[in-house]
Structure formats: structure tokens, C-alpha cells
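Student: I'd like to ask some things about the structure below.
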Amino acid sequence: MMRRNTKQDEMSKEFLKWLEEEDPLGLDEEMTTINFKCLDCGKEDEVPDFVVEEFEFDLEKHEEVEVVCPFCEGTMRRAKKNPK
Ligand SMILES: [Zn+2]
């Protein structure tokens, strides 16, 4: 009979706990989003930043990322942070 490797067990337990608590893979809500505002209806929507980055990849430097508004199918652009 082999002796159980308790140290390794402890480690994987810790690891699983860490996975649950920290959600390092970002599978849950902990997602960075960027606010987009519709040029047509003025509504705002949040777009995950990795999606925006993917869109930016296809753009020229001076172009802005535009997404389709889910409310009116207009054009949404990154909302400017307005200092209040
Ligand atoms: Zn709209």
C-alpha cells in the first residue's frame, strides 16, 4: 500500500479553492467591459474588452470601433468618459 501524498492533496485542494474564489480564468462576471453608446438612440451597452480588442485588430489607427446597437441596430461607439 502506498502512502497517500497528502501534501499534493492539500495543494490541489488549495488550487480548487483558489479557482472558486478568485475565478482566475474569468469565466464568471469578473469581466472587463467597455461602455459603448449608441449614436442613434443614445442607449449604452457594455462590450467585453476582448471583443473590442478583436475589432480594433481589423481597424486602421485613426478608426474607432463601432458595434451594432442591440436596441435600434444603429451604430455604437465607445462612450467618452465625461468628467462630472
Ligand atoms: Zn441605438
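We name chains A, B, ... following the order of the C-alpha cells; residues begin at 1 in each chain, and ligands are numbered from 1 as shown.
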Hey, which residues sit close to ligand 1? Say within 6 Å, counting only C-alpha atoms and all ligand atoms, and write them as a PDB file with N, CA and C atoms, in the first residue's frame.

Tutor:
ATOM      1  N   CYS A  38     -24.840  54.420 -28.132  1.00  0.00           N
ATOM      2  CA  CYS A  38     -25.416  54.436 -29.472  1.00  0.00           C
ATOM      3  C   CYS A  38     -25.512  55.862 -29.997  1.00  0.00           C
ATOM      4  N   ASP A  40     -27.339  56.708 -32.393  1.00  0.00           N
ATOM      5  CA  ASP A  40     -28.684  56.918 -32.904  1.00  0.00           C
ATOM      6  C   ASP A  40     -29.736  57.044 -31.804  1.00  0.00           C
ATOM      7  N   CYS A  41     -29.732  56.099 -30.849  1.00  0.00           N
ATOM      8  CA  CYS A  41     -30.759  56.157 -29.808  1.00  0.00           C
ATOM      9  C   CYS A  41     -30.199  56.562 -28.454  1.00  0.00           C
ATOM     10  N   GLY A  42     -28.883  56.656 -28.350  1.00  0.00           N
ATOM     11  CA  GLY A  42     -28.280  57.168 -27.121  1.00  0.00           C
ATOM     12  C   GLY A  42     -28.193  56.161 -25.991  1.00  0.00           C
ATOM     13  N   LYS A  43     -28.639  54.956 -26.228  1.00  0.00           N
ATOM     14  CA  LYS A  43     -28.552  53.942 -25.186  1.00  0.00           C
ATOM     15  C   LYS A  43     -27.120  53.434 -25.069  1.00  0.00           C
ATOM     16  N   CYS A  69     -25.852  48.527 -32.460  1.00  0.00           N
ATOM     17  CA  CYS A  69     -26.691  48.741 -31.287  1.00  0.00           C
ATOM     18  C   CYS A  69     -27.728  47.617 -31.176  1.00  0.00           C
ATOM     19  N   PHE A  71     -30.349  47.708 -29.510  1.00  0.00           N
ATOM     20  CA  PHE A  71     -31.687  48.263 -29.299  1.00  0.00           C
ATOM     21  C   PHE A  71     -32.306  48.754 -30.606  1.00  0.00           C
ATOM     22  N   CYS A  72     -31.512  49.462 -31.429  1.00  0.00           N
ATOM     23  CA  CYS A  72     -32.099  50.041 -32.640  1.00  0.00           C
ATOM     24  C   CYS A  72     -31.308  49.659 -33.889  1.00  0.00           C
ATOM     25  N   GLU A  73     -30.280  48.815 -33.702  1.00  0.00           N
ATOM     26  CA  GLU A  73     -29.415  48.413 -34.803  1.00  0.00           C
ATOM     27  C   GLU A  73     -28.671  49.578 -35.424  1.00  0.00           C
ATOM     28  N   GLY A  74     -28.533  50.653 -34.678  1.00  0.00           N
ATOM     29  CA  GLY A  74     -27.729  51.796 -35.099  1.00  0.00           C
ATOM     30  C   GLY A  74     -26.263  51.523 -34.818  1.00  0.00           C
TER      31      GLY A  74
END

Student: Could you give me, as a list in words, the residues within 7 Å of A:Pro48, counting only C-alpha atoms and dropping anything in the same chain fewer than 4 positions from it?

Tutor: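 That gives Met31, Thr32, Thr33, Ile34 and Val52 of chain A.
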
Student: In Å, how far is it from atom CA of A:Lys80 to atom CA of A:Phe57?

Tutor: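 Answer for the atom CA of A:Lys80 to atom CA of A:Phe57 separation: 20.3 Å.
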
Student: Do a neighbour search on A:Val67 at 8 Å with only C-alpha atoms, toss out local chain neighbours closer than 6 positions, and write the hits as an NGL selection string.

Tutor: :A and (75-77)

Student: In Å, how far is it from atom CA of A:Val51 to atom CA of A:Glu21?

Tutor: 25.0 Å

Student: How far is it from atom CA of A:Arg78 to atom CA of A:Glu53, in Å with one decimal?

Tutor: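 We find that atom CA of A:Arg78 and atom CA of A:Glu53 lie 12.0 Å from each other.
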
Student: Restricting the calculation to only C-alpha atoms: of A:Glu60, A:Glu66, A:Glu54, A:Glu20, which residue gets closest to A:Leu39?

Tutor: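 Closest candidate: A:Glu66.
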